[in-house]
Amino acid sequence: MRPGTLQLQSLPPLSLYIHLPWCLKKCPYCDFNSHEWNATAAPGEPLPEAAYLDALRADLEASLPLIWGRTVHSVFIGGGTPSLFSPEAIDRLLGDVRARVRLEADAEITLEANPGTFEKARFKAFRQAGVTRLSIGVQSFNDAHLKALGRVHDRAQALAAVEEAAGAFDTFNLDLMYALPGQTLADNEEDVRTALAFAPPHLSVYHLTLEANTLFAKYPPELPPEDDAWAMLDRITELTGQAGLQRYEVSAYARDGHRCVHNLNYWQFGDYLGIGAGAHGKLSFAHRVARLVRAREPRLYMERALAGDAVVSAQDVRRADLPFEFMLNALRLREGFALQDFVERTGLPLSSIEPALKEAAAQGLIEREAGRVCPSERGFDFLSDLQALFLPEN
Ligand SMILES: C[S@@+](CC[C@H](N)C(=O)[O-])C[C@H]1O[C@@H](n2cnc3c(N)ncnc32)[C@H](O)[C@@H]1O
Ligand code: SF4
């Protein structure tokens, strides 16, 4: 074996991500691989559900040799707006998955849903199709802010969606964003209190960021001052804590027993097969860790997937990049990581990160205890500075 070869003693847990790329309308802040259906379709033309499901099935089949014999622990159907797909389509999709991969009996199966994209009772039908967890893109309950974000739904639809989800699912998540155009501290508090009134088992709260190649990047809206954004985050953490949710990751808050298994696997540098337009995957082998990307444009993806050729890029992660990639994920967790997990997931010796760990400890950005490393309060607040200590030298 060549010196410097990775040595993975065991493979990490495996999850499956499925991307459904269409939305009713592209939001001006969004840089996800999401496409306005109306922009490319003839008026009134329905989503090509069946053709897309055929493509996903072919994509999954072509990927099977890469995950042979491994069990899938969670499935995440993300988007785009997966709730635009009918419950019958989701039922077929999950049937296609179960027929081809070994899915753990109690696997978490999440579906992203947008308010305003469903008729009443659709969420129950998703539950019956096998979805165990719904993640609703609420963003805000304030009509003015929803409008500023270019969302297709209003407050009433957001409230109806959450009520519907709470009735149909034992566990569900609400996505909120803060530091929105024109938002005050009081507005943010009102949003959080409204969300908490539904006793959600899980909340994801993201700071609105202006992403390159979005309408907001081109025409930036006026955003609250940075000090206000920090104060909003403090208040969010305080209010969620009082309501019994723990901030277990930078943007994720959960009650006991309701942490997102699928996302935890990303943050713990687990493996995931990603199928669907533009989906990313990370797969480990005995001596390498590979990243794979599918064709991004939905129609091109469908063509290529049916031809067994959906992957447009497959690259091994450079040995030198593994520490930073691991830390980009693991340090987002309040509880950090076990040093042994670093060795298992990257195949590298601890000596490869010892100098950076020493420096991080000297700067007060991490705490080390009994074989574990976790970000300190300060490290959590200045996470990118902490993660940057693990960047390769070239
Ligand atoms: C994959 S997205 C899409 C989910 C769903 N289609 C929706 O928009 O409701 C998941 C979440 O990322 C968050 N998000 C998207 N763009 C963001 C941005 N520019 N800044 C902060 N959060 C963002 C939103 O909260 C969104 O619900
Ligand atoms: S609905 Fe979600 S995925 Fe679609 S454009 Fe808006 S933020 Fe992006």
# chains A, B, ... in the order shown; residues from 1 in each chain; ligands from 1
call {"tool": "residues_near_ligand", "arguments": {"ligand": "ligand 1", "cutoff": "7 Å", "atoms": "only C-alpha atoms and all ligand atoms", "output": "JSON, numbers by chain"}}
result
{"A": [29, 30, 31, 32, 78, 79, 80, 81, 112, 113, 114, 136, 137, 138, 139, 175, 176, 177, 205, 206, 207, 208, 209, 210, 211]}
call {"tool": "write_last_selection", "arguments": {"atoms": "C-alpha atoms", "output": "compact mmCIF listing (two decimals), in the first residue's frame"}}
result
# COMPACT_ATOMS: atom_id res chain seq x y z
CA TYR A 29 -32.90 34.63 -2.10
CA CYS A 30 -32.69 30.95 -3.10
CA ASP A 31 -29.58 29.35 -4.58
CA PHE A 32 -30.79 25.77 -4.32
CA GLY A 78 -35.82 17.64 -0.54
CA GLY A 79 -36.14 20.34 -3.09
CA GLY A 80 -37.31 22.39 -4.71
CA THR A 81 -40.80 21.78 -3.46
CA GLU A 112 -40.01 18.96 2.51
CA ALA A 113 -43.36 20.67 2.09
CA ASN A 114 -44.26 24.26 1.31
CA ILE A 136 -42.36 22.76 6.38
CA GLY A 137 -40.81 25.85 4.80
CA VAL A 138 -42.66 28.48 6.80
CA GLN A 139 -39.88 31.14 6.79
CA ASP A 175 -38.01 26.19 8.78
CA LEU A 176 -37.86 29.84 9.80
CA MET A 177 -35.51 32.56 8.63
CA VAL A 205 -33.86 28.77 12.08
CA TYR A 206 -31.57 30.26 9.45
CA HIS A 207 -30.01 33.70 9.18
CA LEU A 208 -31.08 35.01 5.75
CA THR A 209 -27.96 35.14 3.61
CA LEU A 210 -27.51 36.89 0.26
CA GLU A 211 -26.26 34.13 -2.01
call {"tool": "select_by_dssp", "arguments": {"residues": "region 18-225 of chain A", "states": "strand (DSSP E or B)", "output": "JSON, numbers by chain"}}
result
{"A": [18, 19, 20, 22, 23, 35, 36, 71, 72, 73, 74, 75, 76, 77, 78, 79, 102, 103, 104, 105, 106, 107, 108, 109, 110, 111, 112, 113, 133, 134, 135, 136, 137, 138, 139, 171, 172, 173, 174, 175, 176, 177, 178, 202, 203, 204, 205, 206, 207]}
call {"tool": "atom_distance", "arguments": {"atom1": "CA of Leu283 (chain A)", "atom2": "CA of Leu66 (chain A)"}}
result
7.9 Å
call {"tool": "closest_residue", "arguments": {"among": "A:Asn38, A:Ser10, A:Ser74, A:Ser352", "to": "Pro323 (chain A)", "atoms": "only C-alpha atoms"}}
result
A:Ser352
call {"tool": "closest_residue", "arguments": {"among": "A:Val311, A:Pro48, A:Leu322, A:Glu61", "to": "Asp96 (chain A)", "atoms": "only C-alpha atoms"}}
result
A:Glu61
call {"tool": "residues_around", "arguments": {"residues": "region 119-134 of chain A", "least_positions_apart": "2", "cutoff": "9 Å", "atoms": "only C-alpha atoms", "output": "JSON, numbers by chain"}}
result
{"A": [83, 86, 87, 88, 89, 90, 91, 92, 94, 95, 107, 108, 109, 110, 111, 112, 113, 116, 117, 136, 160, 161, 164, 165, 167, 168, 169, 170, 171, 172, 173, 174]}
call {"tool": "closest_residue", "arguments": {"among": "A:Val289, A:Leu306, A:Val152, A:Leu53", "to": "Lys25 (chain A)", "atoms": "only C-alpha atoms"}}
result
A:Val152
call {"tool": "residues_around", "arguments": {"residues": "Pro375 (chain A)", "least_positions_apart": "3", "cutoff": "12 Å", "atoms": "only C-alpha atoms", "output": "mmCIF file with all heavy atoms, in the first residue's frame"}}
result
data_model
loop_
_atom_site.group_PDB
_atom_site.id
_atom_site.type_symbol
_atom_site.label_atom_id
_atom_site.label_comp_id
_atom_site.auth_asym_id
_atom_site.auth_seq_id
_atom_site.Cartn_x
_atom_site.Cartn_y
_atom_site.Cartn_z
ATOM 1 N N TYR A 248 -29.061 22.007 19.194
ATOM 2 C CA TYR A 248 -28.053 20.953 19.107
ATOM 3 C C TYR A 248 -27.115 21.145 17.932
ATOM 4 O O TYR A 248 -26.097 20.470 17.815
ATOM 5 C CB TYR A 248 -28.697 19.550 19.075
ATOM 6 C CG TYR A 248 -29.457 19.200 17.801
ATOM 7 C CD1 TYR A 248 -28.893 18.374 16.833
ATOM 8 C CD2 TYR A 248 -30.749 19.667 17.570
ATOM 9 C CE1 TYR A 248 -29.573 18.029 15.677
ATOM 10 C CE2 TYR A 248 -31.437 19.334 16.418
ATOM 11 C CZ TYR A 248 -30.850 18.517 15.481
ATOM 12 O OH TYR A 248 -31.538 18.180 14.327
ATOM 13 N N GLU A 249 -27.469 22.075 17.049
ATOM 14 C CA GLU A 249 -26.628 22.414 15.905
ATOM 15 C C GLU A 249 -26.817 23.897 15.650
ATOM 16 O O GLU A 249 -27.803 24.476 16.121
ATOM 17 C CB GLU A 249 -27.063 21.548 14.706
ATOM 18 C CG GLU A 249 -26.194 21.648 13.477
ATOM 19 C CD GLU A 249 -26.689 22.643 12.443
ATOM 20 O OE1 GLU A 249 -27.812 23.187 12.610
ATOM 21 O OE2 GLU A 249 -25.962 22.899 11.488
ATOM 22 N N VAL A 250 -25.895 24.513 14.903
ATOM 23 C CA VAL A 250 -25.939 25.965 14.715
ATOM 24 C C VAL A 250 -27.353 26.479 14.431
ATOM 25 O O VAL A 250 -27.796 27.457 15.019
ATOM 26 C CB VAL A 250 -24.998 26.372 13.545
ATOM 27 C CG1 VAL A 250 -25.113 27.858 13.261
ATOM 28 C CG2 VAL A 250 -23.574 25.995 13.859
ATOM 29 N N MET A 327 -14.484 18.985 9.653
ATOM 30 C CA MET A 327 -14.773 20.049 10.638
ATOM 31 C C MET A 327 -15.904 20.972 10.193
ATOM 32 O O MET A 327 -16.627 21.508 11.022
ATOM 33 C CB MET A 327 -13.515 20.891 10.909
ATOM 34 C CG MET A 327 -12.380 20.106 11.497
ATOM 35 S SD MET A 327 -12.832 19.272 13.042
ATOM 36 C CE MET A 327 -11.417 18.187 13.237
ATOM 37 N N LEU A 328 -16.038 21.161 8.871
ATOM 38 C CA LEU A 328 -17.146 21.984 8.365
ATOM 39 C C LEU A 328 -18.472 21.443 8.883
ATOM 40 O O LEU A 328 -19.422 22.177 9.110
ATOM 41 C CB LEU A 328 -17.189 21.924 6.835
ATOM 42 C CG LEU A 328 -16.476 22.992 6.049
ATOM 43 C CD1 LEU A 328 -16.776 22.830 4.572
ATOM 44 C CD2 LEU A 328 -16.865 24.391 6.508
ATOM 45 N N ASN A 329 -18.530 20.128 9.053
ATOM 46 C CA ASN A 329 -19.755 19.483 9.519
ATOM 47 C C ASN A 329 -19.762 19.298 11.025
ATOM 48 O O ASN A 329 -20.656 19.774 11.719
ATOM 49 C CB ASN A 329 -19.898 18.122 8.825
ATOM 50 C CG ASN A 329 -20.205 18.292 7.353
ATOM 51 O OD1 ASN A 329 -21.313 18.660 6.995
ATOM 52 N ND2 ASN A 329 -19.228 18.064 6.500
ATOM 53 N N ALA A 330 -18.734 18.618 11.545
ATOM 54 C CA ALA A 330 -18.765 18.169 12.947
ATOM 55 C C ALA A 330 -18.797 19.330 13.935
ATOM 56 O O ALA A 330 -19.424 19.226 14.999
ATOM 57 C CB ALA A 330 -17.565 17.274 13.215
ATOM 58 N N LEU A 331 -18.132 20.448 13.596
ATOM 59 C CA LEU A 331 -18.093 21.556 14.551
ATOM 60 C C LEU A 331 -19.382 22.359 14.569
ATOM 61 O O LEU A 331 -19.550 23.270 15.373
ATOM 62 C CB LEU A 331 -16.874 22.452 14.269
ATOM 63 C CG LEU A 331 -15.528 21.786 14.591
ATOM 64 C CD1 LEU A 331 -14.368 22.632 14.080
ATOM 65 C CD2 LEU A 331 -15.384 21.544 16.096
ATOM 66 N N ARG A 332 -20.311 22.023 13.679
ATOM 67 C CA ARG A 332 -21.634 22.672 13.733
ATOM 68 C C ARG A 332 -22.461 22.106 14.887
ATOM 69 O O ARG A 332 -23.493 22.671 15.261
ATOM 70 C CB ARG A 332 -22.405 22.431 12.423
ATOM 71 C CG ARG A 332 -21.769 23.088 11.211
ATOM 72 C CD ARG A 332 -22.627 22.832 9.979
ATOM 73 N NE ARG A 332 -23.933 23.446 10.116
ATOM 74 C CZ ARG A 332 -24.248 24.675 9.725
ATOM 75 N NH1 ARG A 332 -23.341 25.430 9.160
ATOM 76 N NH2 ARG A 332 -25.463 25.162 9.891
ATOM 77 N N LEU A 333 -22.019 20.964 15.403
ATOM 78 C CA LEU A 333 -22.787 20.310 16.472
ATOM 79 C C LEU A 333 -22.358 20.820 17.842
ATOM 80 O O LEU A 333 -21.155 20.881 18.131
ATOM 81 C CB LEU A 333 -22.587 18.793 16.407
ATOM 82 C CG LEU A 333 -23.248 18.112 15.210
ATOM 83 C CD1 LEU A 333 -22.778 16.666 15.086
ATOM 84 C CD2 LEU A 333 -24.777 18.158 15.353
ATOM 85 N N ARG A 334 -23.343 21.150 18.671
ATOM 86 C CA ARG A 334 -23.069 21.598 20.043
ATOM 87 C C ARG A 334 -22.187 20.575 20.764
ATOM 88 O O ARG A 334 -21.263 20.929 21.489
ATOM 89 C CB ARG A 334 -24.423 21.764 20.751
ATOM 90 C CG ARG A 334 -24.411 22.100 22.180
ATOM 91 C CD ARG A 334 -24.450 23.582 22.445
ATOM 92 N NE ARG A 334 -23.111 24.148 22.402
ATOM 93 C CZ ARG A 334 -22.823 25.422 22.529
ATOM 94 N NH1 ARG A 334 -23.794 26.293 22.683
ATOM 95 N NH2 ARG A 334 -21.599 25.865 22.510
ATOM 96 N N GLU A 335 -22.488 19.291 20.554
ATOM 97 C CA GLU A 335 -21.745 18.239 21.254
ATOM 98 C C GLU A 335 -20.455 17.860 20.554
ATOM 99 O O GLU A 335 -19.741 16.973 21.019
ATOM 100 C CB GLU A 335 -22.629 16.995 21.418
ATOM 101 C CG GLU A 335 -23.748 17.237 22.401
ATOM 102 C CD GLU A 335 -24.831 16.166 22.372
ATOM 103 O OE1 GLU A 335 -24.622 15.123 21.715
ATOM 104 O OE2 GLU A 335 -25.870 16.394 23.007
ATOM 105 N N GLY A 336 -20.164 18.497 19.427
ATOM 106 C CA GLY A 336 -18.910 18.233 18.735
ATOM 107 C C GLY A 336 -18.779 16.795 18.273
ATOM 108 O O GLY A 336 -19.760 16.183 17.836
ATOM 109 N N PHE A 337 -17.570 16.234 18.429
ATOM 110 C CA PHE A 337 -17.331 14.889 17.894
ATOM 111 C C PHE A 337 -16.327 14.152 18.773
ATOM 112 O O PHE A 337 -15.559 14.765 19.521
ATOM 113 C CB PHE A 337 -16.795 14.990 16.462
ATOM 114 C CG PHE A 337 -15.472 15.704 16.356
ATOM 115 C CD1 PHE A 337 -14.267 15.016 16.375
ATOM 116 C CD2 PHE A 337 -15.426 17.098 16.252
ATOM 117 C CE1 PHE A 337 -13.051 15.682 16.301
ATOM 118 C CE2 PHE A 337 -14.207 17.779 16.174
ATOM 119 C CZ PHE A 337 -13.015 17.058 16.198
ATOM 120 N N LEU A 357 -5.889 21.575 16.440
ATOM 121 C CA LEU A 357 -6.670 21.464 17.681
ATOM 122 C C LEU A 357 -6.012 22.276 18.796
ATOM 123 O O LEU A 357 -6.685 22.974 19.566
ATOM 124 C CB LEU A 357 -6.791 19.988 18.114
ATOM 125 C CG LEU A 357 -7.740 19.106 17.309
ATOM 126 C CD1 LEU A 357 -7.667 17.657 17.791
ATOM 127 C CD2 LEU A 357 -9.193 19.604 17.393
ATOM 128 N N ALA A 360 -6.707 25.878 18.172
ATOM 129 C CA ALA A 360 -8.115 26.204 18.458
ATOM 130 C C ALA A 360 -8.335 26.303 19.973
ATOM 131 O O ALA A 360 -9.039 27.195 20.458
ATOM 132 C CB ALA A 360 -9.032 25.143 17.851
ATOM 133 N N ALA A 361 -7.703 25.401 20.719
ATOM 134 C CA ALA A 361 -7.844 25.422 22.179
ATOM 135 C C ALA A 361 -7.182 26.690 22.741
ATOM 136 O O ALA A 361 -7.736 27.366 23.620
ATOM 137 C CB ALA A 361 -7.229 24.166 22.780
ATOM 138 N N GLN A 363 -6.893 29.489 21.335
ATOM 139 C CA GLN A 363 -7.743 30.662 21.038
ATOM 140 C C GLN A 363 -9.093 30.596 21.745
ATOM 141 O O GLN A 363 -9.964 31.430 21.523
ATOM 142 C CB GLN A 363 -7.972 30.772 19.526
ATOM 143 C CG GLN A 363 -6.715 31.101 18.740
ATOM 144 C CD GLN A 363 -7.012 31.313 17.260
ATOM 145 O OE1 GLN A 363 -8.142 31.571 16.859
ATOM 146 N NE2 GLN A 363 -5.982 31.199 16.438
ATOM 147 N N GLY A 364 -9.297 29.557 22.539
ATOM 148 C CA GLY A 364 -10.548 29.440 23.305
ATOM 149 C C GLY A 364 -11.742 29.073 22.439
ATOM 150 O O GLY A 364 -12.897 29.340 22.795
ATOM 151 N N LEU A 365 -11.487 28.435 21.279
ATOM 152 C CA LEU A 365 -12.589 28.145 20.356
ATOM 153 C C LEU A 365 -13.148 26.730 20.520
ATOM 154 O O LEU A 365 -14.234 26.426 20.015
ATOM 155 C CB LEU A 365 -12.120 28.341 18.905
ATOM 156 C CG LEU A 365 -11.708 29.781 18.537
ATOM 157 C CD1 LEU A 365 -11.049 29.829 17.165
ATOM 158 C CD2 LEU A 365 -12.926 30.703 18.566
ATOM 159 N N ILE A 366 -12.392 25.855 21.189
ATOM 160 C CA ILE A 366 -12.900 24.491 21.446
ATOM 161 C C ILE A 366 -12.653 24.092 22.901
ATOM 162 O O ILE A 366 -11.827 24.697 23.591
ATOM 163 C CB ILE A 366 -12.232 23.411 20.549
ATOM 164 C CG1 ILE A 366 -10.702 23.423 20.742
ATOM 165 C CG2 ILE A 366 -12.624 23.555 19.099
ATOM 166 C CD1 ILE A 366 -10.014 22.182 20.167
ATOM 167 N N GLU A 367 -13.393 23.068 23.323
ATOM 168 C CA GLU A 367 -13.125 22.436 24.607
ATOM 169 C C GLU A 367 -12.842 20.967 24.335
ATOM 170 O O GLU A 367 -13.498 20.362 23.489
ATOM 171 C CB GLU A 367 -14.346 22.578 25.525
ATOM 172 C CG GLU A 367 -14.436 23.961 26.141
ATOM 173 C CD GLU A 367 -15.839 24.368 26.517
ATOM 174 O OE1 GLU A 367 -16.709 23.471 26.614
ATOM 175 O OE2 GLU A 367 -16.070 25.575 26.688
ATOM 176 N N ARG A 368 -11.864 20.403 25.049
ATOM 177 C CA ARG A 368 -11.514 18.986 24.862
ATOM 178 C C ARG A 368 -11.711 18.259 26.168
ATOM 179 O O ARG A 368 -11.304 18.745 27.210
ATOM 180 C CB ARG A 368 -10.046 18.849 24.440
ATOM 181 C CG ARG A 368 -9.772 19.405 23.082
ATOM 182 C CD ARG A 368 -8.306 19.289 22.726
ATOM 183 N NE ARG A 368 -7.929 17.901 22.407
ATOM 184 C CZ ARG A 368 -6.824 17.591 21.753
ATOM 185 N NH1 ARG A 368 -5.994 18.518 21.335
ATOM 186 N NH2 ARG A 368 -6.523 16.325 21.495
ATOM 187 N N GLU A 369 -12.354 17.110 26.063
ATOM 188 C CA GLU A 369 -12.623 16.356 27.288
ATOM 189 C C GLU A 369 -12.874 14.906 26.931
ATOM 190 O O GLU A 369 -13.663 14.624 26.019
ATOM 191 C CB GLU A 369 -13.886 16.930 27.941
ATOM 192 C CG GLU A 369 -14.007 16.632 29.416
ATOM 193 C CD GLU A 369 -15.331 17.138 29.961
ATOM 194 O OE1 GLU A 369 -15.844 18.148 29.421
ATOM 195 O OE2 GLU A 369 -15.858 16.502 30.860
ATOM 196 N N ARG A 372 -13.252 13.751 23.435
ATOM 197 C CA ARG A 372 -14.204 14.496 22.596
ATOM 198 C C ARG A 372 -13.720 15.930 22.405
ATOM 199 O O ARG A 372 -12.998 16.477 23.250
ATOM 200 C CB ARG A 372 -15.591 14.551 23.265
ATOM 201 C CG ARG A 372 -16.355 13.248 23.253
ATOM 202 C CD ARG A 372 -17.816 13.484 23.595
ATOM 203 N NE ARG A 372 -18.543 14.141 22.523
ATOM 204 C CZ ARG A 372 -19.061 13.508 21.474
ATOM 205 N NH1 ARG A 372 -18.957 12.198 21.372
ATOM 206 N NH2 ARG A 372 -19.697 14.173 20.536
ATOM 207 N N ARG A 378 -17.697 30.620 22.383
ATOM 208 C CA ARG A 378 -17.038 31.536 21.454
ATOM 209 C C ARG A 378 -16.822 30.867 20.091
ATOM 210 O O ARG A 378 -17.040 31.468 19.047
ATOM 211 C CB ARG A 378 -15.694 31.915 22.087
ATOM 212 C CG ARG A 378 -14.978 33.034 21.453
ATOM 213 C CD ARG A 378 -13.674 33.301 22.252
ATOM 214 N NE ARG A 378 -12.600 33.611 21.319
ATOM 215 C CZ ARG A 378 -12.515 34.776 20.679
ATOM 216 N NH1 ARG A 378 -13.390 35.727 20.909
ATOM 217 N NH2 ARG A 378 -11.545 34.996 19.825
ATOM 218 N N GLY A 379 -16.441 29.583 20.104
ATOM 219 C CA GLY A 379 -16.210 28.839 18.863
ATOM 220 C C GLY A 379 -17.494 28.710 18.058
ATOM 221 O O GLY A 379 -17.498 28.766 16.827
ATOM 222 N N PHE A 380 -18.613 28.548 18.782
ATOM 223 C CA PHE A 380 -19.917 28.424 18.130
ATOM 224 C C PHE A 380 -20.287 29.748 17.444
ATOM 225 O O PHE A 380 -20.839 29.770 16.355
ATOM 226 C CB PHE A 380 -20.951 28.066 19.205
ATOM 227 C CG PHE A 380 -21.953 27.032 18.765
ATOM 228 C CD1 PHE A 380 -21.588 25.925 18.013
ATOM 229 C CD2 PHE A 380 -23.290 27.167 19.123
ATOM 230 C CE1 PHE A 380 -22.521 24.979 17.614
ATOM 231 C CE2 PHE A 380 -24.234 26.230 18.731
ATOM 232 C CZ PHE A 380 -23.844 25.147 17.975
ATOM 233 N N ASP A 381 -19.950 30.860 18.130
ATOM 234 C CA ASP A 381 -20.265 32.187 17.575
ATOM 235 C C ASP A 381 -19.346 32.556 16.406
ATOM 236 O O ASP A 381 -19.741 33.299 15.515
ATOM 237 C CB ASP A 381 -20.148 33.261 18.659
ATOM 238 C CG ASP A 381 -21.347 33.241 19.600
ATOM 239 O OD1 ASP A 381 -22.366 32.611 19.260
ATOM 240 O OD2 ASP A 381 -21.272 33.858 20.686
ATOM 241 N N PHE A 382 -18.104 32.061 16.464
ATOM 242 C CA PHE A 382 -17.151 32.403 15.399
ATOM 243 C C PHE A 382 -16.729 31.132 14.667
ATOM 244 O O PHE A 382 -15.547 30.822 14.526
ATOM 245 C CB PHE A 382 -15.935 33.134 15.999
ATOM 246 C CG PHE A 382 -16.303 34.449 16.614
ATOM 247 C CD1 PHE A 382 -16.560 34.551 17.980
ATOM 248 C CD2 PHE A 382 -16.464 35.584 15.825
ATOM 249 C CE1 PHE A 382 -16.945 35.756 18.551
ATOM 250 C CE2 PHE A 382 -16.861 36.791 16.393
ATOM 251 C CZ PHE A 382 -17.092 36.886 17.757
ATOM 252 N N LEU A 383 -17.746 30.419 14.221
ATOM 253 C CA LEU A 383 -17.535 29.073 13.679
ATOM 254 C C LEU A 383 -16.619 29.067 12.460
ATOM 255 O O LEU A 383 -15.747 28.201 12.335
ATOM 256 C CB LEU A 383 -18.901 28.459 13.337
ATOM 257 C CG LEU A 383 -18.896 26.986 12.987
ATOM 258 C CD1 LEU A 383 -18.268 26.159 14.096
ATOM 259 C CD2 LEU A 383 -20.326 26.493 12.748
ATOM 260 N N SER A 384 -16.781 30.044 11.560
ATOM 261 C CA SER A 384 -15.941 29.951 10.353
ATOM 262 C C SER A 384 -14.474 30.199 10.693
ATOM 263 O O SER A 384 -13.595 29.612 10.050
ATOM 264 C CB SER A 384 -16.425 30.861 9.230
ATOM 265 O OG SER A 384 -17.121 31.918 9.727
ATOM 266 N N ASP A 385 -14.199 31.031 11.706
ATOM 267 C CA ASP A 385 -12.796 31.209 12.125
ATOM 268 C C ASP A 385 -12.245 29.891 12.661
ATOM 269 O O ASP A 385 -11.111 29.508 12.379
ATOM 270 C CB ASP A 385 -12.686 32.264 13.232
ATOM 271 C CG ASP A 385 -13.074 33.642 12.718
ATOM 272 O OD1 ASP A 385 -13.099 33.815 11.487
ATOM 273 O OD2 ASP A 385 -13.361 34.531 13.545
ATOM 274 N N LEU A 386 -13.080 29.211 13.443
ATOM 275 C CA LEU A 386 -12.654 27.930 14.014
ATOM 276 C C LEU A 386 -12.405 26.905 12.902
ATOM 277 O O LEU A 386 -11.357 26.251 12.855
ATOM 278 C CB LEU A 386 -13.733 27.442 14.997
ATOM 279 C CG LEU A 386 -13.644 26.001 15.501
ATOM 280 C CD1 LEU A 386 -12.294 25.724 16.158
ATOM 281 C CD2 LEU A 386 -14.771 25.709 16.508
ATOM 282 N N GLN A 387 -13.357 26.785 11.989
ATOM 283 C CA GLN A 387 -13.217 25.789 10.915
ATOM 284 C C GLN A 387 -11.997 26.087 10.042
ATOM 285 O O GLN A 387 -11.298 25.174 9.596
ATOM 286 C CB GLN A 387 -14.486 25.769 10.063
ATOM 287 C CG GLN A 387 -15.666 25.145 10.801
ATOM 288 C CD GLN A 387 -17.014 25.515 10.205
ATOM 289 O OE1 GLN A 387 -17.164 26.586 9.601
ATOM 290 N NE2 GLN A 387 -18.000 24.660 10.375
#
call {"tool": "residues_around", "arguments": {"residues": "Ala179 (chain A)", "least_positions_apart": "6", "cutoff": "8 Å", "atoms": "only C-alpha atoms", "output": "VMD selection string"}}
result
chain A and resid 188 207 to 208 223 to 224 228 to 229 232
